[in-house]
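**Student:** Below is the file query_14.pdb, which contains PDB, C-alpha atoms and all ligand atoms.
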```pdb
ATOM      1  CA  PRO Y   1     -62.487   4.625 -73.228
ATOM      2  CA  ALA Y   2     -59.326   6.053 -74.868
ATOM      3  CA  PRO Y   3     -57.222   3.740 -77.063
ATOM      4  CA  VAL Y   4     -54.991   1.667 -74.831
ATOM      5  CA  ILE Y   5     -51.743  -0.081 -75.705
ATOM      6  CA  VAL Y   6     -50.998  -3.188 -73.643
ATOM      7  CA  ALA Y   7     -47.641  -5.007 -73.762
ATOM      8  CA  ILE Y   8     -47.574  -8.616 -72.551
ATOM      9  CA  ASP Y   9     -44.155 -10.263 -72.336
ATOM     10  CA  GLY Y  10     -42.726 -13.438 -70.868
ATOM     11  CA  PRO Y  11     -41.195 -16.796 -71.767
ATOM     12  CA  SER Y  12     -43.117 -19.569 -73.525
ATOM     13  CA  GLY Y  13     -45.643 -21.671 -71.660
ATOM     14  CA  THR Y  14     -46.792 -18.864 -69.362
ATOM     15  CA  GLY Y  15     -50.172 -18.570 -71.105
ATOM     16  CA  LYS Y  16     -49.172 -15.386 -72.922
ATOM     17  CA  SER Y  17     -51.038 -16.060 -76.181
ATOM     18  CA  SER Y  18     -54.237 -17.408 -74.626
ATOM     19  CA  THR Y  19     -54.307 -14.557 -72.124
ATOM     20  CA  SER Y  20     -53.535 -11.823 -74.667
ATOM     21  CA  LYS Y  21     -56.185 -13.006 -77.126
ATOM     22  CA  ALA Y  22     -58.861 -13.330 -74.446
ATOM     23  CA  VAL Y  23     -58.095  -9.924 -72.911
ATOM     24  CA  ALA Y  24     -58.221  -8.257 -76.344
ATOM     25  CA  ALA Y  25     -61.525  -9.982 -77.196
ATOM     26  CA  LYS Y  26     -63.118  -9.022 -73.863
ATOM     27  CA  LEU Y  27     -62.091  -5.387 -74.120
ATOM     28  CA  GLY Y  28     -62.681  -4.888 -77.859
ATOM     29  CA  LEU Y  29     -58.973  -4.360 -78.625
ATOM     30  CA  ARG Y  30     -56.864  -5.598 -81.543
ATOM     31  CA  TYR Y  31     -54.272  -8.340 -80.934
ATOM     32  CA  LEU Y  32     -50.753  -8.863 -82.258
ATOM     33  CA  ASP Y  33     -48.736 -12.073 -81.818
ATOM     34  CA  THR Y  34     -45.152 -10.914 -82.434
ATOM     35  CA  GLY Y  35     -43.752 -14.441 -82.020
ATOM     36  CA  ALA Y  36     -45.821 -15.439 -85.066
ATOM     37  CA  GLN Y  37     -44.019 -12.757 -87.106
ATOM     38  CA  TYR Y  38     -40.577 -14.122 -86.167
ATOM     39  CA  ARG Y  39     -41.864 -17.627 -86.850
ATOM     40  CA  ALA Y  40     -43.273 -16.645 -90.265
ATOM     41  CA  LEU Y  41     -39.976 -15.094 -91.296
ATOM     42  CA  THR Y  42     -38.173 -18.230 -90.068
ATOM     43  CA  TRP Y  43     -40.568 -20.472 -92.023
ATOM     44  CA  TRP Y  44     -40.019 -18.420 -95.170
ATOM     45  CA  MET Y  45     -36.232 -18.693 -94.750
ATOM     46  CA  LEU Y  46     -36.346 -22.460 -94.156
ATOM     47  CA  SER Y  47     -38.467 -22.945 -97.261
ATOM     48  CA  HIS Y  48     -36.297 -20.660 -99.421
ATOM     49  CA  GLY Y  49     -32.943 -22.259 -98.653
ATOM     50  CA  THR Y  50     -31.602 -19.605 -96.263
ATOM     51  CA  ASP Y  51     -29.012 -21.081 -93.881
ATOM     52  CA  VAL Y  52     -30.610 -20.018 -90.595
ATOM     53  CA  ASP Y  53     -27.413 -20.737 -88.666
ATOM     54  CA  ASP Y  54     -25.516 -18.152 -90.714
ATOM     55  CA  PRO Y  55     -26.307 -14.683 -89.305
ATOM     56  CA  ALA Y  56     -25.044 -12.973 -92.489
ATOM     57  CA  ALA Y  57     -27.397 -15.059 -94.650
ATOM     58  CA  VAL Y  58     -30.279 -14.369 -92.255
ATOM     59  CA  ALA Y  59     -29.513 -10.633 -92.265
ATOM     60  CA  ALA Y  60     -29.465 -10.601 -96.077
ATOM     61  CA  ALA Y  61     -32.863 -12.349 -96.261
ATOM     62  CA  ALA Y  62     -34.482 -10.410 -93.386
ATOM     63  CA  GLY Y  63     -36.211  -7.897 -95.644
ATOM     64  CA  ARG Y  64     -37.268 -10.224 -98.434
ATOM     65  CA  PRO Y  65     -40.706 -11.666 -97.635
ATOM     66  CA  ASP Y  66     -43.717  -9.496 -97.008
ATOM     67  CA  ILE Y  67     -44.990 -10.461 -93.522
ATOM     68  CA  VAL Y  68     -48.612  -9.500 -92.845
ATOM     69  CA  SER Y  69     -50.460  -9.983 -89.537
ATOM     70  CA  GLY Y  70     -54.244  -9.881 -89.136
ATOM     71  CA  THR Y  71     -55.104  -8.448 -85.702
ATOM     72  CA  ASP Y  72     -58.600  -9.789 -84.965
ATOM     73  CA  PRO Y  73     -58.230 -11.604 -81.599
ATOM     74  CA  ALA Y  74     -60.977 -14.069 -82.623
ATOM     75  CA  ALA Y  75     -59.094 -15.108 -85.775
ATOM     76  CA  PRO Y  76     -55.525 -13.829 -85.969
ATOM     77  CA  THR Y  77     -53.795 -14.503 -89.309
ATOM     78  CA  ILE Y  78     -50.213 -14.446 -90.552
ATOM     79  CA  THR Y  79     -48.892 -14.618 -94.107
ATOM     80  CA  ALA Y  80     -45.446 -14.561 -95.741
ATOM     81  CA  ASP Y  81     -45.526 -13.235 -99.303
ATOM     82  CA  GLY Y  82     -49.244 -13.947 -99.322
ATOM     83  CA  ALA Y  83     -48.907 -17.600 -98.269
ATOM     84  CA  ASP Y  84     -50.816 -18.645 -95.134
ATOM     85  CA  ALA Y  85     -48.147 -19.359 -92.500
ATOM     86  CA  SER Y  86     -50.406 -20.120 -89.529
ATOM     87  CA  GLY Y  87     -49.980 -23.917 -89.752
ATOM     88  CA  PRO Y  88     -46.287 -24.200 -90.675
ATOM     89  CA  ILE Y  89     -45.088 -21.710 -88.034
ATOM     90  CA  ARG Y  90     -46.053 -24.192 -85.270
ATOM     91  CA  THR Y  91     -43.874 -27.044 -86.566
ATOM     92  CA  LYS Y  92     -40.897 -28.395 -84.613
ATOM     93  CA  GLU Y  93     -38.534 -27.244 -87.375
ATOM     94  CA  VAL Y  94     -39.618 -23.619 -87.094
ATOM     95  CA  THR Y  95     -39.647 -23.720 -83.284
ATOM     96  CA  ALA Y  96     -36.090 -25.078 -83.269
ATOM     97  CA  ALA Y  97     -34.799 -22.386 -85.675
ATOM     98  CA  VAL Y  98     -36.691 -19.261 -84.579
ATOM     99  CA  SER Y  99     -34.390 -18.175 -81.729
ATOM    100  CA  ALA Y 100     -31.353 -18.066 -84.032
ATOM    101  CA  VAL Y 101     -33.261 -16.026 -86.615
ATOM    102  CA  SER Y 102     -34.759 -13.625 -84.072
ATOM    103  CA  ALA Y 103     -31.328 -12.922 -82.543
ATOM    104  CA  VAL Y 104     -30.087 -11.271 -85.758
ATOM    105  CA  PRO Y 105     -30.234  -7.455 -85.392
ATOM    106  CA  GLU Y 106     -31.447  -6.856 -88.991
ATOM    107  CA  VAL Y 107     -34.375  -9.200 -88.327
ATOM    108  CA  ARG Y 108     -35.308  -7.407 -85.103
ATOM    109  CA  GLU Y 109     -35.041  -3.993 -86.727
ATOM    110  CA  ARG Y 110     -37.372  -4.965 -89.504
ATOM    111  CA  ILE Y 111     -39.952  -6.818 -87.413
ATOM    112  CA  THR Y 112     -39.901  -4.116 -84.713
ATOM    113  CA  ALA Y 113     -40.766  -1.463 -87.321
ATOM    114  CA  LEU Y 114     -43.718  -3.588 -88.501
ATOM    115  CA  GLN Y 115     -44.899  -3.994 -84.906
ATOM    116  CA  ARG Y 116     -44.754  -0.278 -84.148
ATOM    117  CA  ALA Y 117     -46.697   0.562 -87.313
ATOM    118  CA  ILE Y 118     -49.426  -1.972 -86.458
ATOM    119  CA  ALA Y 119     -49.694  -0.800 -82.834
ATOM    120  CA  THR Y 120     -49.879   2.896 -83.726
ATOM    121  CA  GLU Y 121     -52.513   2.339 -86.386
ATOM    122  CA  ALA Y 122     -54.735   0.013 -84.322
ATOM    123  CA  PRO Y 123     -58.110   1.682 -83.896
ATOM    124  CA  GLY Y 124     -59.241   1.641 -80.272
ATOM    125  CA  GLY Y 125     -56.074   0.051 -78.914
ATOM    126  CA  ILE Y 126     -54.218  -3.242 -79.010
ATOM    127  CA  VAL Y 127     -52.715  -6.045 -76.942
ATOM    128  CA  VAL Y 128     -49.209  -6.881 -78.191
ATOM    129  CA  GLU Y 129     -47.547 -10.048 -76.890
ATOM    130  CA  GLY Y 130     -43.892 -11.028 -77.168
ATOM    131  CA  ARG Y 131     -40.525 -10.923 -75.446
ATOM    132  CA  ASP Y 132     -39.320  -7.328 -75.804
ATOM    133  CA  ILE Y 133     -42.534  -5.346 -76.241
ATOM    134  CA  GLY Y 134     -42.370  -3.462 -72.929
ATOM    135  CA  THR Y 135     -38.611  -2.919 -73.054
ATOM    136  CA  THR Y 136     -37.994  -2.095 -76.722
ATOM    137  CA  VAL Y 137     -40.911  -2.165 -79.146
ATOM    138  CA  LEU Y 138     -43.443  -0.093 -77.186
ATOM    139  CA  PRO Y 139     -41.641   1.451 -74.184
ATOM    140  CA  ASP Y 140     -44.520   3.953 -73.796
ATOM    141  CA  ALA Y 141     -47.258   1.281 -73.569
ATOM    142  CA  ASP Y 142     -50.083   2.209 -71.181
ATOM    143  CA  LEU Y 143     -49.754  -1.114 -69.383
ATOM    144  CA  LYS Y 144     -46.903  -3.634 -69.302
ATOM    145  CA  VAL Y 145     -47.431  -7.134 -67.968
ATOM    146  CA  PHE Y 146     -44.691  -9.735 -67.511
ATOM    147  CA  LEU Y 147     -45.989 -13.295 -67.148
ATOM    148  CA  THR Y 148     -43.896 -15.982 -65.450
ATOM    149  CA  ALA Y 149     -44.425 -19.600 -64.314
ATOM    150  CA  SER Y 150     -42.244 -22.413 -62.999
ATOM    151  CA  PRO Y 151     -40.406 -24.473 -65.659
ATOM    152  CA  GLU Y 152     -42.525 -27.500 -64.672
ATOM    153  CA  ALA Y 153     -45.805 -25.666 -65.194
ATOM    154  CA  ARG Y 154     -44.607 -24.226 -68.504
ATOM    155  CA  ALA Y 155     -43.439 -27.589 -69.859
ATOM    156  CA  ALA Y 156     -46.730 -29.222 -68.845
ATOM    157  CA  ARG Y 157     -48.763 -26.498 -70.582
ATOM    158  CA  ARG Y 158     -46.672 -26.618 -73.740
ATOM    159  CA  SER Y 159     -46.956 -30.418 -73.767
ATOM    160  CA  GLY Y 160     -50.729 -30.090 -73.563
ATOM    161  CA  GLU Y 161     -50.702 -28.009 -76.773
ATOM    162  CA  LEU Y 162     -48.680 -30.557 -78.726
ATOM    163  CA  LYS Y 163     -50.215 -33.610 -80.324
ATOM    164  CA  GLY Y 164     -49.507 -37.333 -80.199
ATOM    165  CA  ALA Y 165     -45.986 -38.569 -79.589
ATOM    166  CA  GLU Y 166     -44.569 -35.073 -79.119
ATOM    167  CA  ALA Y 167     -46.922 -34.486 -76.197
ATOM    168  CA  THR Y 168     -45.859 -37.545 -74.255
ATOM    169  CA  ASP Y 169     -42.219 -36.560 -74.009
ATOM    170  CA  LEU Y 170     -42.409 -34.037 -71.177
ATOM    171  CA  ALA Y 171     -38.673 -34.123 -70.502
ATOM    172  CA  ALA Y 172     -37.833 -33.286 -74.112
ATOM    173  CA  THR Y 173     -40.437 -30.503 -74.179
ATOM    174  CA  ARG Y 174     -38.991 -29.038 -70.977
ATOM    175  CA  ALA Y 175     -35.440 -29.178 -72.335
ATOM    176  CA  ALA Y 176     -36.370 -27.542 -75.667
ATOM    177  CA  LEU Y 177     -38.350 -24.829 -73.904
ATOM    178  CA  LEU Y 178     -35.540 -23.995 -71.472
ATOM    179  CA  GLN Y 179     -33.039 -23.948 -74.311
ATOM    180  CA  ARG Y 180     -35.168 -21.432 -76.239
ATOM    181  CA  ASP Y 181     -35.590 -19.264 -73.092
ATOM    182  CA  THR Y 182     -31.843 -19.222 -72.538
ATOM    183  CA  ALA Y 183     -31.211 -18.223 -76.153
ATOM    184  CA  ASP Y 184     -33.925 -15.523 -76.035
ATOM    185  CA  SER Y 185     -32.739 -14.150 -72.671
ATOM    186  CA  SER Y 186     -29.041 -14.067 -73.457
ATOM    187  CA  ARG Y 187     -29.021 -12.570 -76.967
ATOM    188  CA  LYS Y 188     -27.413  -9.134 -77.359
ATOM    189  CA  THR Y 189     -30.249  -7.322 -79.150
ATOM    190  CA  SER Y 190     -33.389  -6.739 -77.045
ATOM    191  CA  PRO Y 191     -33.357  -9.942 -74.975
ATOM    192  CA  LEU Y 192     -36.367 -11.348 -73.132
ATOM    193  CA  LYS Y 193     -36.467  -9.185 -69.999
ATOM    194  CA  LYS Y 194     -39.027  -7.690 -67.647
ATOM    195  CA  ALA Y 195     -39.382  -3.919 -68.109
ATOM    196  CA  ASP Y 196     -38.756  -1.971 -64.881
ATOM    197  CA  ASP Y 197     -42.316  -0.649 -64.948
ATOM    198  CA  ALA Y 198     -44.006  -3.965 -65.854
ATOM    199  CA  VAL Y 199     -46.432  -5.715 -63.502
ATOM    200  CA  GLU Y 200     -45.181  -9.258 -62.915
ATOM    201  CA  VAL Y 201     -47.828 -11.981 -62.693
ATOM    202  CA  ASP Y 202     -46.694 -15.465 -61.616
ATOM    203  CA  THR Y 203     -49.187 -17.809 -63.268
ATOM    204  CA  THR Y 204     -47.863 -21.089 -61.802
ATOM    205  CA  ASP Y 205     -50.835 -21.621 -59.491
ATOM    206  CA  LEU Y 206     -53.448 -19.664 -61.428
ATOM    207  CA  THR Y 207     -55.989 -20.951 -63.925
ATOM    208  CA  LEU Y 208     -56.120 -19.298 -67.349
ATOM    209  CA  GLU Y 209     -59.408 -17.635 -66.342
ATOM    210  CA  GLN Y 210     -57.745 -16.141 -63.258
ATOM    211  CA  VAL Y 211     -54.849 -14.747 -65.293
ATOM    212  CA  ILE Y 212     -57.263 -13.239 -67.839
ATOM    213  CA  GLU Y 213     -59.335 -11.653 -65.061
ATOM    214  CA  CYS Y 214     -56.220 -10.230 -63.454
ATOM    215  CA  VAL Y 215     -54.971  -8.622 -66.680
ATOM    216  CA  VAL Y 216     -58.445  -7.309 -67.608
ATOM    217  CA  THR Y 217     -58.583  -5.560 -64.230
ATOM    218  CA  LEU Y 218     -55.119  -4.080 -64.751
ATOM    219  CA  VAL Y 219     -56.177  -2.703 -68.164
ATOM    220  CA  GLU Y 220     -59.448  -1.306 -66.834
ATOM    221  CA  ASP Y 221     -57.520   0.521 -64.112
ATOM    222  CA  LYS Y 222     -55.598   2.328 -66.858
ATOM    223  CA  GLN Y 223     -58.654   3.322 -68.904
TER     224      GLN Y 223
HETATM  225  O1  LIG N 301     -44.020 -16.509 -78.624
HETATM  226  P1  LIG N 301     -43.405 -17.569 -79.495
HETATM  227  O2  LIG N 301     -42.978 -18.769 -78.752
HETATM  228  O3  LIG N 301     -44.242 -17.895 -80.678
HETATM  229  O4  LIG N 301     -42.097 -16.865 -80.076
HETATM  230  C1  LIG N 301     -41.217 -17.568 -80.914
HETATM  231  C2  LIG N 301     -39.819 -16.985 -80.838
HETATM  232  O5  LIG N 301     -39.795 -15.689 -81.460
HETATM  233  C3  LIG N 301     -39.237 -16.751 -79.456
HETATM  234  O6  LIG N 301     -38.653 -17.934 -78.931
HETATM  235  C4  LIG N 301     -38.206 -15.674 -79.718
HETATM  236  O7  LIG N 301     -37.012 -16.225 -80.233
HETATM  237  C5  LIG N 301     -38.845 -14.860 -80.823
HETATM  238  N1  LIG N 301     -39.520 -13.652 -80.333
HETATM  239  C6  LIG N 301     -38.742 -12.542 -80.097
HETATM  240  N2  LIG N 301     -39.317 -11.367 -79.737
HETATM  241  C7  LIG N 301     -40.648 -11.262 -79.606
HETATM  242  C8  LIG N 301     -41.465 -12.399 -79.807
HETATM  243  C9  LIG N 301     -40.869 -13.598 -80.160
HETATM  244  O8  LIG N 301     -37.524 -12.617 -80.211
HETATM  245  N3  LIG N 301     -41.190 -10.082 -79.290
END
```
Take the structure in the file and write it out as structure tokens.
**Tutor:**
Amino acid sequence: PAPVIVAIDGPSGTGKSSTSKAVAAKLGLRYLDTGAQYRALTWWMLSHGTDVDDPAAVAAAAGRPDIVSGTDPAAPTITADGADASGPIRTKEVTAAVSAVSAVPEVRERITALQRAIATEAPGGIVVEGRDIGTTVLPDADLKVFLTASPEARAARRSGELKGAEATDLAATRAALLQRDTADSSRKTSPLKKADDAVEVDTTDLTLEQVIECVVTLVEDKQ
């Protein structure tokens, strides 16, 4: 089959990452987690003294670290200036700061350019997951999917991924998740939004396997 570019967008807790990785693995495509890139840049800024609440400081630091993504769906990697960022990007501190960093236009410009280069160079095609892939990063993608789920389902899923005490506080998880969605959806530069030509899949009552099957079928229809 011809190389295929698949854009998968949606808010957190909709099963975007698990679905995107599994679809890429099943179909022999590469995989890019664009949220991990914004998180890696945020982690680098937090550990280099950048005031992440100051958009001018964030803009000035946006181009400094070298962010490199490995695109094997079985073992995706992410580094900032050569340092493995895969652990630290999942911390509460990074999660709390990433929306402010990703709202800065200089950050989006830089990360978007990286994403386009990776997608164009991917041999055989790629699944790219994020918030603005179908609308802004890859408007000519062969297939655009927009995943949704009720806030309750999303909070429960996110809680299941967290460990220990963090996992037990469902109300706090739900509040943090909704706050991040609101920030991501209301920012000026390429907000989280369904592309007009995206296929919307409501995953509230679907198992992960069902969502994967559904997206695999959508991709195969395009090949
Ligand atoms: O997908 P994940 O939850 O890891 O994304 C982390 C954050 O990165 C999002 O909350 C959003 O602020 C930002 N992001 C973005 N555009 C993307 C992917 C992620 O702004 N394409």
**Student:** What's around Thr50 of chain Y at 12 Å? Count all atoms listed in the file, leave out sequence neighbours fewer than 4 positions away in its own chain, and write the answer as a PyMOL selection string.
**Tutor:** chain Y and resi 41-46+54-62+64+97+101
**Student:** Could you tell me which residues the PyMOL selection byres (((not hetatm)) within 6 of (chain N and resi 301)) grabs in this file, written as a short mmCIF file (atom, residue, chain, number, x, y, z; two decimals) with C-alpha atoms, in the frame of the given file?
**Tutor:**
```
data_model
loop_
_atom_site.label_atom_id
_atom_site.label_comp_id
_atom_site.auth_asym_id
_atom_site.auth_seq_id
_atom_site.Cartn_x
_atom_site.Cartn_y
_atom_site.Cartn_z
CA SER Y 12 -43.12 -19.57 -73.53
CA THR Y 34 -45.15 -10.91 -82.43
CA GLY Y 35 -43.75 -14.44 -82.02
CA ALA Y 36 -45.82 -15.44 -85.07
CA TYR Y 38 -40.58 -14.12 -86.17
CA ARG Y 39 -41.86 -17.63 -86.85
CA VAL Y 98 -36.69 -19.26 -84.58
CA SER Y 99 -34.39 -18.18 -81.73
CA SER Y 102 -34.76 -13.62 -84.07
CA GLY Y 130 -43.89 -11.03 -77.17
CA ARG Y 131 -40.52 -10.92 -75.45
CA ASP Y 132 -39.32 -7.33 -75.80
CA ILE Y 133 -42.53 -5.35 -76.24
CA ARG Y 180 -35.17 -21.43 -76.24
CA ASP Y 184 -33.92 -15.52 -76.04
#
```
**Student:** Which residues are near Gly10 of chain Y? Cut-off 8 Å, only C-alpha atoms, ignore same chain within fewer than 3 positions. Put them as a PyMOL selection string.
**Tutor:** chain Y and resi 14+16+130-131+146-148+192-194
**Student:** Pick out the residues sitting within 7 Å of segment 208-214 of chain Y, and hand them over as a list in words; count only C-alpha atoms, and ignore anything fewer than 2 positions along from it in its own chain.
**Tutor:**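 Near segment 208-214 of chain Y, the qualifying residues are Thr19, Ala22, Val23, Thr203, Leu206, Val216, Thr217 and Leu218 of chain Y.
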**Student:** With C-alpha atoms retained, export the selected residues as a CSV table (one decimal), in the frame of the given file.
**Tutor:**
```csv
chain,number,residue,atom,x,y,z
Y,19,THR,CA,-54.3,-14.6,-72.1
Y,22,ALA,CA,-58.9,-13.3,-74.4
Y,23,VAL,CA,-58.1,-9.9,-72.9
Y,203,THR,CA,-49.2,-17.8,-63.3
Y,206,LEU,CA,-53.4,-19.7,-61.4
Y,216,VAL,CA,-58.4,-7.3,-67.6
Y,217,THR,CA,-58.6,-5.6,-64.2
Y,218,LEU,CA,-55.1,-4.1,-64.8
```
**Student:** Please evaluate the PyMOL selection byres (((chain Y and resi 3) around 10) and not hetatm) against the displayed coordinates and give the resulting residues as a VMD selection string.
**Tutor:** chain Y and resid 1 to 2 4 to 6 29 120 122 to 126 142 223
**Student:** Would you mind telling me which residue in Y:Ile118, Y:Val94, Y:Ala176, Y:Ala103 lies nearest to Ile67 of chain Y when using all atoms listed in the file?
**Tutor:** Y:Ile118
**Student:** Need the shell around Leu114 of chain Y: protein/DNA/RNA residues with any atom at most 12 Å away, counting all atoms listed in the file. Skip same-chain ones fewer than 2 positions apart. Format as a list of chain:residue names?
**Tutor:** Y:Leu32, Y:Asp33, Y:Thr34, Y:Gln37, Y:Tyr38, Y:Gly63, Y:Asp66, Y:Ile67, Y:Val68, Y:Ser69, Y:Val107, Y:Arg108, Y:Glu109, Y:Arg110, Y:Ile111, Y:Thr112, Y:Arg116, Y:Ala117, Y:Ile118, Y:Ala119, Y:Thr120, Y:Glu121, Y:Val137, Y:Leu138
**Student:** Could you write out that same residue set with C-alpha atoms as a compact mmCIF listing (two decimals), keeping the file's coordinate frame?
**Tutor:**
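Output file out_9.txt is given in full below:
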```txt
# COMPACT_ATOMS: atom_id res chain seq x y z
CA LEU Y 32 -50.75 -8.86 -82.26
CA ASP Y 33 -48.74 -12.07 -81.82
CA THR Y 34 -45.15 -10.91 -82.43
CA GLN Y 37 -44.02 -12.76 -87.11
CA TYR Y 38 -40.58 -14.12 -86.17
CA GLY Y 63 -36.21 -7.90 -95.64
CA ASP Y 66 -43.72 -9.50 -97.01
CA ILE Y 67 -44.99 -10.46 -93.52
CA VAL Y 68 -48.61 -9.50 -92.84
CA SER Y 69 -50.46 -9.98 -89.54
CA VAL Y 107 -34.38 -9.20 -88.33
CA ARG Y 108 -35.31 -7.41 -85.10
CA GLU Y 109 -35.04 -3.99 -86.73
CA ARG Y 110 -37.37 -4.96 -89.50
CA ILE Y 111 -39.95 -6.82 -87.41
CA THR Y 112 -39.90 -4.12 -84.71
CA ARG Y 116 -44.75 -0.28 -84.15
CA ALA Y 117 -46.70 0.56 -87.31
CA ILE Y 118 -49.43 -1.97 -86.46
CA ALA Y 119 -49.69 -0.80 -82.83
CA THR Y 120 -49.88 2.90 -83.73
CA GLU Y 121 -52.51 2.34 -86.39
CA VAL Y 137 -40.91 -2.16 -79.15
CA LEU Y 138 -43.44 -0.09 -77.19
```
**Student:** Do you have the atom CA of Leu27 of chain Y-atom CA of Pro76 of chain Y distance handy?
**Tutor:** 16.0 Å
**Student:** Could you check how far atom CA of Pro65 of chain Y sits from atom CA of Thr136 of chain Y, in Å to one decimal?
**Tutor:**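 These atoms are spaced 23.2 Å apart.
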**Student:** Using all atoms listed in the file, which of the listed residues (Y:Asp72, Y:Glu152, Y:Glu200, Y:Glu161) sits closest to Ala7 of chain Y?
**Tutor:**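 Comparing Y:Asp72, Y:Glu152, Y:Glu200, Y:Glu161 against Ala7 of chain Y, the winner is Y:Glu200.
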**Student:** Around all the atoms of segment 127-142 of chain Y listed in the file, draw an axis-aligned box and extend it by 6 Å on each of the six sides; I want its centre and edge lengths in Å to one decimal, as AutoDock Vina command-line options.
**Tutor:**
```
--center_x -45.4 --center_y -3.5 --center_z -75.2 --size_x 26.7 --size_y 27.0 --size_z 20.0
```
**Student:** List the residues selected by the PyMOL selection byres (((chain Y and resi 155-158) around 10) and not hetatm) in the file shown, writing them as an MDAnalysis selection string.
**Tutor:** chainID Y and resid 12:15 149:154 159:162 167:178
**Student:** Got time to write the residues from that selection, C-alpha atoms, as a short mmCIF file (atom, residue, chain, number, x, y, z; two decimals), in the coordinates of the input?
**Tutor:**
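Now in selection-v8.cif:
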```cif
data_model
loop_
_atom_site.label_atom_id
_atom_site.label_comp_id
_atom_site.auth_asym_id
_atom_site.auth_seq_id
_atom_site.Cartn_x
_atom_site.Cartn_y
_atom_site.Cartn_z
CA SER Y 12 -43.12 -19.57 -73.53
CA GLY Y 13 -45.64 -21.67 -71.66
CA THR Y 14 -46.79 -18.86 -69.36
CA GLY Y 15 -50.17 -18.57 -71.10
CA ALA Y 149 -44.42 -19.60 -64.31
CA SER Y 150 -42.24 -22.41 -63.00
CA PRO Y 151 -40.41 -24.47 -65.66
CA GLU Y 152 -42.52 -27.50 -64.67
CA ALA Y 153 -45.80 -25.67 -65.19
CA ARG Y 154 -44.61 -24.23 -68.50
CA SER Y 159 -46.96 -30.42 -73.77
CA GLY Y 160 -50.73 -30.09 -73.56
CA GLU Y 161 -50.70 -28.01 -76.77
CA LEU Y 162 -48.68 -30.56 -78.73
CA ALA Y 167 -46.92 -34.49 -76.20
CA THR Y 168 -45.86 -37.54 -74.26
CA ASP Y 169 -42.22 -36.56 -74.01
CA LEU Y 170 -42.41 -34.04 -71.18
CA ALA Y 171 -38.67 -34.12 -70.50
CA ALA Y 172 -37.83 -33.29 -74.11
CA THR Y 173 -40.44 -30.50 -74.18
CA ARG Y 174 -38.99 -29.04 -70.98
CA ALA Y 175 -35.44 -29.18 -72.33
CA ALA Y 176 -36.37 -27.54 -75.67
CA LEU Y 177 -38.35 -24.83 -73.90
CA LEU Y 178 -35.54 -24.00 -71.47
#
```
**Student:** Residues at most 7 Å from Pro73 of chain Y, counting only C-alpha atoms, excluding those fewer than 2 positions away in the same chain, as a list in words?
**Tutor:** Lys21, Ala24, Ala25, Arg30, Tyr31, Thr71, Ala75 and Pro76 of chain Y
**Student:** To one decimal place in Å, what is the distance between atom CA of Val104 of chain Y and atom CA of Asp53 of chain Y?
**Tutor:**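 Distance between the two atoms: 10.3 Å.
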